[in-house]
Structures are given as structure tokens and as C-alpha cells.
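Asker: File target_16.cif below, mmCIF, N, CA and C atoms:
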data_input
loop_
_atom_site.label_atom_id
_atom_site.label_comp_id
_atom_site.auth_asym_id
_atom_site.auth_seq_id
_atom_site.Cartn_x
_atom_site.Cartn_y
_atom_site.Cartn_z
N MET A 10 -64.72 48.10 -72.17
CA MET A 10 -66.06 48.56 -72.50
C MET A 10 -66.97 48.37 -71.31
N ALA A 11 -67.64 49.40 -70.94
CA ALA A 11 -68.46 49.35 -69.73
C ALA A 11 -69.76 48.58 -69.92
N ASP A 12 -70.18 48.36 -71.18
CA ASP A 12 -71.46 47.69 -71.38
C ASP A 12 -71.34 46.17 -71.46
N GLY A 13 -70.14 45.63 -71.36
CA GLY A 13 -69.96 44.19 -71.34
C GLY A 13 -69.86 43.54 -72.70
N THR A 14 -69.89 44.32 -73.79
CA THR A 14 -69.85 43.71 -75.12
C THR A 14 -68.49 43.11 -75.42
N GLN A 15 -67.44 43.55 -74.74
CA GLN A 15 -66.12 42.98 -74.97
C GLN A 15 -66.11 41.50 -74.60
N ALA A 16 -66.90 41.11 -73.61
CA ALA A 16 -66.97 39.70 -73.21
C ALA A 16 -67.57 38.84 -74.30
N LEU A 17 -68.33 39.44 -75.20
CA LEU A 17 -68.97 38.69 -76.28
C LEU A 17 -68.19 38.77 -77.58
N ASP A 18 -67.09 39.52 -77.62
CA ASP A 18 -66.29 39.68 -78.81
C ASP A 18 -65.51 38.39 -79.06
N ALA A 19 -65.81 37.72 -80.18
CA ALA A 19 -65.19 36.43 -80.48
C ALA A 19 -63.72 36.56 -80.84
N SER A 20 -63.26 37.75 -81.23
CA SER A 20 -61.86 37.91 -81.61
C SER A 20 -60.93 37.92 -80.40
N LEU A 21 -61.47 38.19 -79.22
CA LEU A 21 -60.68 38.17 -78.00
C LEU A 21 -61.07 36.96 -77.16
N PRO A 22 -60.18 36.00 -76.98
CA PRO A 22 -60.54 34.85 -76.15
C PRO A 22 -60.42 35.21 -74.67
N PRO A 23 -61.52 35.63 -74.03
CA PRO A 23 -61.42 36.05 -72.63
C PRO A 23 -61.28 34.84 -71.71
N SER A 24 -60.54 35.05 -70.65
CA SER A 24 -60.44 34.00 -69.64
C SER A 24 -61.69 34.04 -68.78
N LYS A 25 -61.96 32.93 -68.10
CA LYS A 25 -63.14 32.88 -67.21
C LYS A 25 -63.04 33.94 -66.13
N THR A 26 -61.84 34.14 -65.62
CA THR A 26 -61.66 35.11 -64.55
C THR A 26 -61.94 36.52 -65.03
N SER A 27 -61.43 36.87 -66.22
CA SER A 27 -61.65 38.23 -66.71
C SER A 27 -63.13 38.47 -67.02
N VAL A 28 -63.82 37.47 -67.55
CA VAL A 28 -65.25 37.62 -67.81
C VAL A 28 -66.01 37.78 -66.50
N ALA A 29 -65.68 36.96 -65.52
CA ALA A 29 -66.36 37.05 -64.22
C ALA A 29 -66.12 38.40 -63.57
N LYS A 30 -64.87 38.87 -63.60
CA LYS A 30 -64.56 40.17 -63.00
C LYS A 30 -65.31 41.29 -63.71
N ARG A 31 -65.37 41.22 -65.04
CA ARG A 31 -66.05 42.25 -65.82
C ARG A 31 -67.54 42.25 -65.49
N LEU A 32 -68.13 41.07 -65.45
CA LEU A 32 -69.56 41.00 -65.14
C LEU A 32 -69.85 41.49 -63.72
N LEU A 33 -69.02 41.07 -62.77
CA LEU A 33 -69.25 41.47 -61.38
C LEU A 33 -69.01 42.96 -61.17
N SER A 34 -68.06 43.54 -61.92
CA SER A 34 -67.79 44.96 -61.75
C SER A 34 -68.94 45.81 -62.27
N GLU A 35 -69.75 45.28 -63.15
CA GLU A 35 -70.87 46.03 -63.71
C GLU A 35 -72.15 45.88 -62.90
N LEU A 36 -72.13 45.05 -61.89
CA LEU A 36 -73.33 44.83 -61.09
C LEU A 36 -73.23 45.63 -59.79
N PRO A 37 -73.94 46.76 -59.69
CA PRO A 37 -73.87 47.52 -58.45
C PRO A 37 -74.49 46.71 -57.31
N GLY A 38 -73.72 46.48 -56.29
CA GLY A 38 -74.20 45.69 -55.16
C GLY A 38 -74.50 44.26 -55.54
N LEU A 39 -73.90 43.77 -56.64
CA LEU A 39 -74.09 42.42 -57.16
C LEU A 39 -75.54 42.12 -57.52
N LYS A 40 -76.33 43.14 -57.75
CA LYS A 40 -77.73 42.93 -58.13
C LYS A 40 -78.12 43.96 -59.19
N ARG A 41 -78.54 43.47 -60.34
CA ARG A 41 -79.01 44.37 -61.39
C ARG A 41 -80.46 44.75 -61.13
N ILE A 42 -80.80 45.98 -61.42
CA ILE A 42 -82.17 46.45 -61.23
C ILE A 42 -83.05 45.80 -62.28
N GLY A 43 -84.18 45.28 -61.86
CA GLY A 43 -85.15 44.69 -62.78
C GLY A 43 -84.97 43.22 -63.05
N THR A 44 -84.01 42.57 -62.41
CA THR A 44 -83.85 41.13 -62.62
C THR A 44 -84.25 40.40 -61.35
N THR A 45 -84.68 39.20 -61.53
CA THR A 45 -85.03 38.36 -60.38
C THR A 45 -83.89 37.40 -60.11
N ASP A 46 -83.92 36.77 -58.96
CA ASP A 46 -82.91 35.80 -58.61
C ASP A 46 -82.90 34.64 -59.62
N ALA A 47 -84.08 34.24 -60.07
CA ALA A 47 -84.18 33.14 -61.04
C ALA A 47 -83.53 33.53 -62.37
N GLU A 48 -83.71 34.78 -62.79
CA GLU A 48 -83.10 35.24 -64.03
C GLU A 48 -81.58 35.23 -63.92
N ASP A 49 -81.07 35.68 -62.77
CA ASP A 49 -79.62 35.66 -62.56
C ASP A 49 -79.07 34.24 -62.58
N ARG A 50 -79.77 33.32 -61.93
CA ARG A 50 -79.31 31.93 -61.87
C ARG A 50 -79.39 31.23 -63.22
N ASN A 51 -80.21 31.71 -64.13
CA ASN A 51 -80.31 31.12 -65.45
C ASN A 51 -79.31 31.69 -66.44
N HIS A 52 -78.54 32.68 -66.02
CA HIS A 52 -77.52 33.26 -66.90
C HIS A 52 -76.47 32.19 -67.18
N PRO A 53 -75.99 32.07 -68.43
CA PRO A 53 -75.03 31.01 -68.76
C PRO A 53 -73.72 31.07 -67.96
N LEU A 54 -73.34 32.24 -67.49
CA LEU A 54 -72.09 32.35 -66.73
C LEU A 54 -72.29 32.26 -65.22
N PHE A 55 -73.53 32.11 -64.77
CA PHE A 55 -73.78 32.08 -63.33
C PHE A 55 -72.99 30.97 -62.62
N PRO A 56 -73.00 29.73 -63.12
CA PRO A 56 -72.24 28.69 -62.40
C PRO A 56 -70.75 29.00 -62.30
N CYS A 57 -70.18 29.51 -63.37
CA CYS A 57 -68.75 29.83 -63.38
C CYS A 57 -68.44 30.95 -62.38
N VAL A 58 -69.25 31.99 -62.40
CA VAL A 58 -69.03 33.13 -61.51
C VAL A 58 -69.24 32.71 -60.06
N ALA A 59 -70.27 31.92 -59.80
CA ALA A 59 -70.54 31.45 -58.44
C ALA A 59 -69.37 30.61 -57.92
N LEU A 60 -68.82 29.73 -58.76
CA LEU A 60 -67.69 28.91 -58.34
C LEU A 60 -66.43 29.74 -58.14
N LEU A 61 -66.24 30.77 -58.98
CA LEU A 61 -65.08 31.64 -58.79
C LEU A 61 -65.17 32.38 -57.46
N LEU A 62 -66.38 32.84 -57.13
CA LEU A 62 -66.56 33.52 -55.84
C LEU A 62 -66.33 32.55 -54.68
N LEU A 63 -66.86 31.34 -54.80
CA LEU A 63 -66.65 30.34 -53.76
C LEU A 63 -65.17 30.02 -53.61
N GLN A 64 -64.49 29.85 -54.73
CA GLN A 64 -63.06 29.55 -54.70
C GLN A 64 -62.29 30.68 -54.02
N GLU A 65 -62.60 31.93 -54.33
CA GLU A 65 -61.91 33.05 -53.70
C GLU A 65 -62.15 33.09 -52.19
N CYS A 66 -63.40 32.85 -51.79
CA CYS A 66 -63.71 32.83 -50.35
C CYS A 66 -62.94 31.73 -49.63
N LEU A 67 -62.95 30.53 -50.21
CA LEU A 67 -62.26 29.41 -49.59
C LEU A 67 -60.75 29.60 -49.61
N ASN A 68 -60.23 30.15 -50.69
CA ASN A 68 -58.80 30.40 -50.80
C ASN A 68 -58.35 31.38 -49.71
N ARG A 69 -59.08 32.44 -49.53
CA ARG A 69 -58.74 33.44 -48.52
C ARG A 69 -58.85 32.86 -47.10
N ARG A 70 -59.88 32.08 -46.88
CA ARG A 70 -60.08 31.48 -45.56
C ARG A 70 -58.95 30.49 -45.24
N LEU A 71 -58.56 29.67 -46.22
CA LEU A 71 -57.45 28.74 -46.01
C LEU A 71 -56.17 29.50 -45.71
N PHE A 72 -55.87 30.52 -46.51
CA PHE A 72 -54.66 31.30 -46.32
C PHE A 72 -54.66 31.95 -44.93
N SER A 73 -55.80 32.51 -44.53
CA SER A 73 -55.91 33.15 -43.21
C SER A 73 -55.65 32.15 -42.09
N THR A 74 -56.18 30.95 -42.23
CA THR A 74 -56.03 29.95 -41.18
C THR A 74 -54.60 29.44 -41.09
N VAL A 75 -54.07 28.98 -42.21
CA VAL A 75 -52.77 28.30 -42.19
C VAL A 75 -51.60 29.28 -42.11
N ARG A 76 -51.72 30.40 -42.78
CA ARG A 76 -50.60 31.35 -42.83
C ARG A 76 -50.67 32.40 -41.72
N GLU A 77 -51.81 33.09 -41.63
CA GLU A 77 -51.87 34.23 -40.73
C GLU A 77 -52.12 33.84 -39.27
N ARG A 78 -53.00 32.88 -39.04
CA ARG A 78 -53.30 32.49 -37.65
C ARG A 78 -52.28 31.51 -37.09
N LYS A 79 -52.02 30.44 -37.83
CA LYS A 79 -51.15 29.38 -37.31
C LYS A 79 -49.68 29.59 -37.66
N ARG A 80 -49.40 30.44 -38.66
CA ARG A 80 -48.03 30.74 -39.09
C ARG A 80 -47.22 29.49 -39.43
N LEU A 81 -47.85 28.60 -40.19
CA LEU A 81 -47.19 27.34 -40.53
C LEU A 81 -46.59 27.33 -41.94
N THR A 82 -46.99 28.24 -42.79
CA THR A 82 -46.56 28.20 -44.17
C THR A 82 -46.49 29.61 -44.74
N TYR A 83 -45.89 29.72 -45.90
CA TYR A 83 -45.88 31.01 -46.57
C TYR A 83 -46.78 31.01 -47.80
N ASP A 84 -47.40 29.87 -48.13
CA ASP A 84 -48.30 29.82 -49.27
C ASP A 84 -49.33 28.72 -49.07
N ALA A 85 -50.59 29.05 -49.31
CA ALA A 85 -51.68 28.08 -49.21
C ALA A 85 -52.73 28.46 -50.25
N ASN A 86 -53.18 27.49 -51.04
CA ASN A 86 -54.14 27.76 -52.11
C ASN A 86 -55.24 26.71 -52.15
N PHE A 87 -56.41 27.16 -52.56
CA PHE A 87 -57.56 26.28 -52.79
C PHE A 87 -58.02 26.51 -54.21
N HIS A 88 -58.17 25.44 -54.98
CA HIS A 88 -58.55 25.56 -56.39
C HIS A 88 -59.67 24.58 -56.73
N LEU A 89 -60.69 25.07 -57.42
CA LEU A 89 -61.78 24.23 -57.93
C LEU A 89 -61.56 24.00 -59.42
N THR A 90 -61.95 22.83 -59.91
CA THR A 90 -61.87 22.58 -61.34
C THR A 90 -63.00 23.28 -62.06
N SER A 91 -62.93 23.29 -63.37
CA SER A 91 -64.00 23.87 -64.17
C SER A 91 -65.18 22.90 -64.20
N PHE A 92 -66.33 23.38 -63.79
CA PHE A 92 -67.52 22.55 -63.74
C PHE A 92 -68.45 22.85 -64.91
N GLU A 93 -67.97 23.44 -65.99
CA GLU A 93 -68.84 23.88 -67.07
C GLU A 93 -69.35 22.74 -67.95
N THR A 94 -68.57 21.70 -68.13
CA THR A 94 -68.97 20.66 -69.08
C THR A 94 -69.32 19.33 -68.44
N ILE A 95 -69.03 19.18 -67.16
CA ILE A 95 -69.34 17.92 -66.50
C ILE A 95 -70.07 18.20 -65.19
N GLN A 96 -70.82 17.24 -64.74
CA GLN A 96 -71.43 17.35 -63.43
C GLN A 96 -70.52 16.65 -62.44
N GLY A 97 -69.76 17.43 -61.75
CA GLY A 97 -68.79 16.88 -60.82
C GLY A 97 -67.46 17.55 -61.03
N GLY A 98 -66.50 17.12 -60.31
CA GLY A 98 -65.18 17.71 -60.43
C GLY A 98 -64.37 17.41 -59.19
N TRP A 99 -63.37 18.22 -58.94
CA TRP A 99 -62.54 18.02 -57.77
C TRP A 99 -61.97 19.35 -57.32
N TYR A 100 -61.39 19.33 -56.16
CA TYR A 100 -60.71 20.50 -55.63
C TYR A 100 -59.28 20.12 -55.32
N LEU A 101 -58.43 21.11 -55.24
CA LEU A 101 -57.03 20.89 -54.95
C LEU A 101 -56.60 21.88 -53.88
N VAL A 102 -56.04 21.38 -52.82
CA VAL A 102 -55.50 22.22 -51.76
C VAL A 102 -54.00 22.05 -51.78
N THR A 103 -53.28 23.15 -51.94
CA THR A 103 -51.82 23.09 -51.91
C THR A 103 -51.32 24.00 -50.81
N VAL A 104 -50.39 23.47 -50.04
CA VAL A 104 -49.78 24.22 -48.95
C VAL A 104 -48.29 23.96 -49.01
N THR A 105 -47.51 25.01 -49.03
CA THR A 105 -46.06 24.89 -49.07
C THR A 105 -45.52 25.10 -47.67
N ALA A 106 -44.73 24.13 -47.21
CA ALA A 106 -44.23 24.22 -45.83
C ALA A 106 -42.85 23.57 -45.73
N LYS A 107 -42.21 23.86 -44.64
CA LYS A 107 -40.92 23.21 -44.35
C LYS A 107 -41.18 21.74 -44.06
N PRO A 108 -40.26 20.86 -44.39
CA PRO A 108 -40.47 19.42 -44.15
C PRO A 108 -40.81 19.09 -42.70
N GLU A 109 -40.20 19.77 -41.76
CA GLU A 109 -40.47 19.47 -40.35
C GLU A 109 -41.87 19.91 -39.90
N LEU A 110 -42.52 20.78 -40.69
CA LEU A 110 -43.88 21.23 -40.36
C LEU A 110 -44.95 20.53 -41.20
N ALA A 111 -44.54 19.62 -42.08
CA ALA A 111 -45.47 19.01 -43.04
C ALA A 111 -46.65 18.32 -42.35
N GLU A 112 -46.39 17.53 -41.35
CA GLU A 112 -47.47 16.81 -40.67
C GLU A 112 -48.45 17.77 -39.99
N GLN A 113 -47.91 18.78 -39.34
CA GLN A 113 -48.74 19.78 -38.67
C GLN A 113 -49.58 20.58 -39.68
N VAL A 114 -48.99 20.91 -40.83
CA VAL A 114 -49.70 21.65 -41.87
C VAL A 114 -50.81 20.80 -42.46
N CYS A 115 -50.53 19.52 -42.71
CA CYS A 115 -51.57 18.62 -43.24
C CYS A 115 -52.73 18.50 -42.28
N PHE A 116 -52.44 18.37 -41.00
CA PHE A 116 -53.50 18.29 -39.99
C PHE A 116 -54.32 19.58 -39.99
N CYS A 117 -53.66 20.71 -40.05
CA CYS A 117 -54.35 22.00 -40.04
C CYS A 117 -55.23 22.15 -41.29
N ALA A 118 -54.73 21.75 -42.46
CA ALA A 118 -55.50 21.86 -43.70
C ALA A 118 -56.72 20.93 -43.66
N ARG A 119 -56.54 19.70 -43.15
CA ARG A 119 -57.67 18.78 -43.01
C ARG A 119 -58.70 19.32 -42.03
N GLU A 120 -58.23 19.88 -40.94
CA GLU A 120 -59.13 20.48 -39.95
C GLU A 120 -59.91 21.64 -40.58
N TRP A 121 -59.24 22.45 -41.38
CA TRP A 121 -59.88 23.57 -42.07
C TRP A 121 -60.96 23.05 -43.04
N MET A 122 -60.62 22.01 -43.84
CA MET A 122 -61.59 21.45 -44.79
C MET A 122 -62.80 20.88 -44.07
N HIS A 123 -62.58 20.20 -42.95
CA HIS A 123 -63.69 19.65 -42.18
C HIS A 123 -64.58 20.79 -41.66
N GLY A 124 -63.96 21.87 -41.19
CA GLY A 124 -64.71 23.01 -40.70
C GLY A 124 -65.57 23.65 -41.78
N VAL A 125 -65.03 23.79 -42.98
CA VAL A 125 -65.78 24.37 -44.10
C VAL A 125 -66.92 23.44 -44.49
N ALA A 126 -66.66 22.13 -44.57
CA ALA A 126 -67.71 21.17 -44.93
C ALA A 126 -68.84 21.19 -43.90
N THR A 127 -68.49 21.26 -42.63
CA THR A 127 -69.49 21.32 -41.56
C THR A 127 -70.32 22.59 -41.68
N LEU A 128 -69.65 23.71 -41.91
CA LEU A 128 -70.34 24.99 -42.05
C LEU A 128 -71.31 24.98 -43.23
N LEU A 129 -70.86 24.48 -44.37
CA LEU A 129 -71.71 24.44 -45.55
C LEU A 129 -72.86 23.45 -45.39
N ALA A 130 -72.61 22.33 -44.72
CA ALA A 130 -73.67 21.34 -44.50
C ALA A 130 -74.78 21.89 -43.61
N LYS A 131 -74.42 22.79 -42.70
CA LYS A 131 -75.40 23.40 -41.82
C LYS A 131 -76.07 24.62 -42.45
N GLY A 132 -75.70 24.93 -43.69
CA GLY A 132 -76.28 26.09 -44.36
C GLY A 132 -75.67 27.39 -43.92
N GLY A 133 -74.45 27.33 -43.40
CA GLY A 133 -73.77 28.53 -42.93
C GLY A 133 -73.30 29.39 -44.09
N VAL A 134 -72.83 30.56 -43.76
CA VAL A 134 -72.38 31.53 -44.76
C VAL A 134 -70.88 31.72 -44.62
N LEU A 135 -70.17 31.65 -45.75
CA LEU A 135 -68.75 31.93 -45.75
C LEU A 135 -68.55 33.44 -45.79
N GLU A 136 -67.69 33.95 -44.97
CA GLU A 136 -67.45 35.40 -44.92
C GLU A 136 -66.35 35.77 -45.87
#
Could I get this structure in the form of C-alpha cells?
Answerer:
Amino acid sequence: MADGTQALDASLPPSKTSVAKRLLSELPGLKRIGTTDAEDRNHPLFPCVALLLLQECLNRRLFSTVRERKRLTYDANFHLTSFETIQGGWYLVTVTAKPELAEQVCFCAREWMHGVATLLAKGGVLE
């Protein structure tokens, strides 16, 4: 349904990802006409959607660094926990590598996390 009412249908238990994708697909240029930034931030799904976007950006950046640039692994993932019911949470970084590359992969992943933390602390933008 293009109007988003399927996300509100109680008979279908939608996943967070499907709801976020549906909402984002309906927003041309990620901005609805007639809404303010404050209205968007007050939407009940805003925190979930914002974290999903952040997770996707970080996941892609990790994969690009460890897999495509350094060629150390064939799988790298970044995952955030659900922050809907608690203030706080954790993240999980998983990288699959050969045993002989494990130390090098761990160093690369730590270096990547430090780079992201530095960028975010300076108010930088993730691409």
C-alpha cells in the first residue's frame, strides 16, 4: 500500500526494517512537504529509522575498508541493538577471516572504529 497504512495494520507484524524501508520509500528526497525537522524528529519511528540508516552507513563503510580496500576478509558486519525501550545499548562488529589474518583484521577493525568515532566527535558526515 502506497499510503503507509499497511505499517499500521495490527494483523501483520511488520519488522523494523520493513517499516523503515516503507516509510523511507514514501518520502521523496527524504523530506515530506509541509513538515518541519522538529515534526519529523518527533515521529515515533524516527529513532529506529535514524539508527537503521546509521547502521547501514557504518556497515557499508566497514565492509569497504576491511574487504574491498584491505582485502583481509570476505565478510564484515556492523550491528546496533534496538534502542527503542532503553537509553543505551551496544554495537557488534563481526569480521570473518582466516586464522593467520585474525590479528591484522582486528587491528584494521579497531582502526576503522576509531576513525568513525573521531569523525562523529568532530561533527563529520558519514557518506
Asker: Work out how far CA of His123 in chain A is from atom C of Pro53 in chain A, in Å to one decimal.
Answerer: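 If I compute the distance from atom C of Pro53 in chain A to CA of His123 in chain A, I get 29.9 Å.
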Asker: Restricting the calculation to all atoms listed in the file, which member of A:Asn68, A:Lys107, A:Gly98, A:Cys57 is positioned closest to Thr82 in chain A?
Answerer: A:Lys107
Asker: For the PyMOL selection byres ((chain A and resi 100) around 6), applied here, can you spell out every residue it catches as a PDB file with N, CA and C atoms, in the coordinates of the input?
Answerer:
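Result went into result-v6.pdb, see below:
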ATOM      1  N   HIS A  88     -58.170  25.440 -54.980  1.00  0.00           N
ATOM      2  CA  HIS A  88     -58.550  25.560 -56.390  1.00  0.00           C
ATOM      3  C   HIS A  88     -59.670  24.580 -56.730  1.00  0.00           C
ATOM      4  N   LEU A  89     -60.690  25.070 -57.420  1.00  0.00           N
ATOM      5  CA  LEU A  89     -61.780  24.230 -57.930  1.00  0.00           C
ATOM      6  C   LEU A  89     -61.560  24.000 -59.420  1.00  0.00           C
ATOM      7  N   THR A  90     -61.950  22.830 -59.910  1.00  0.00           N
ATOM      8  CA  THR A  90     -61.870  22.580 -61.340  1.00  0.00           C
ATOM      9  C   THR A  90     -63.000  23.280 -62.060  1.00  0.00           C
ATOM     10  N   GLY A  98     -66.500  17.120 -60.310  1.00  0.00           N
ATOM     11  CA  GLY A  98     -65.180  17.710 -60.430  1.00  0.00           C
ATOM     12  C   GLY A  98     -64.370  17.410 -59.190  1.00  0.00           C
ATOM     13  N   TRP A  99     -63.370  18.220 -58.940  1.00  0.00           N
ATOM     14  CA  TRP A  99     -62.540  18.020 -57.770  1.00  0.00           C
ATOM     15  C   TRP A  99     -61.970  19.350 -57.320  1.00  0.00           C
ATOM     16  N   LEU A 101     -58.430  21.110 -55.240  1.00  0.00           N
ATOM     17  CA  LEU A 101     -57.030  20.890 -54.950  1.00  0.00           C
ATOM     18  C   LEU A 101     -56.600  21.880 -53.880  1.00  0.00           C
ATOM     19  N   VAL A 102     -56.040  21.380 -52.820  1.00  0.00           N
ATOM     20  CA  VAL A 102     -55.500  22.220 -51.760  1.00  0.00           C
ATOM     21  C   VAL A 102     -54.000  22.050 -51.780  1.00  0.00           C
TER      22      VAL A 102
END
Asker: Do you have the atom N of Leu62 in chain A-CA of Gly97 in chain A distance handy?
Answerer: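 Calculated distance between atom N of Leu62 in chain A and CA of Gly97 in chain A is 16.6 Å.
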Asker: Do you have the atom N of Arg76 in chain A-CA of Cys117 in chain A distance handy?
Answerer: 9.2 Å
Asker: Report as an MDAnalysis selection string the residues that result from applying the PyMOL selection byres (((chain A and resi 69 and name CA) around 12) and name CA) to the structure here.
Answerer: chainID A and resid 62:68 70:77 84:88 121 135:136
Asker: As a list in words, please: the residues near Val114 in chain A (cut-off 8 Å, only N, CA and C atoms, same-chain neighbours under 3 positions excluded).
Answerer: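 That gives Val75, Leu81, Thr82, Val104, Thr105, Ala106, Glu109, Leu110, Ala111, Cys117, Ala118, Arg119 and Glu120 of chain A.
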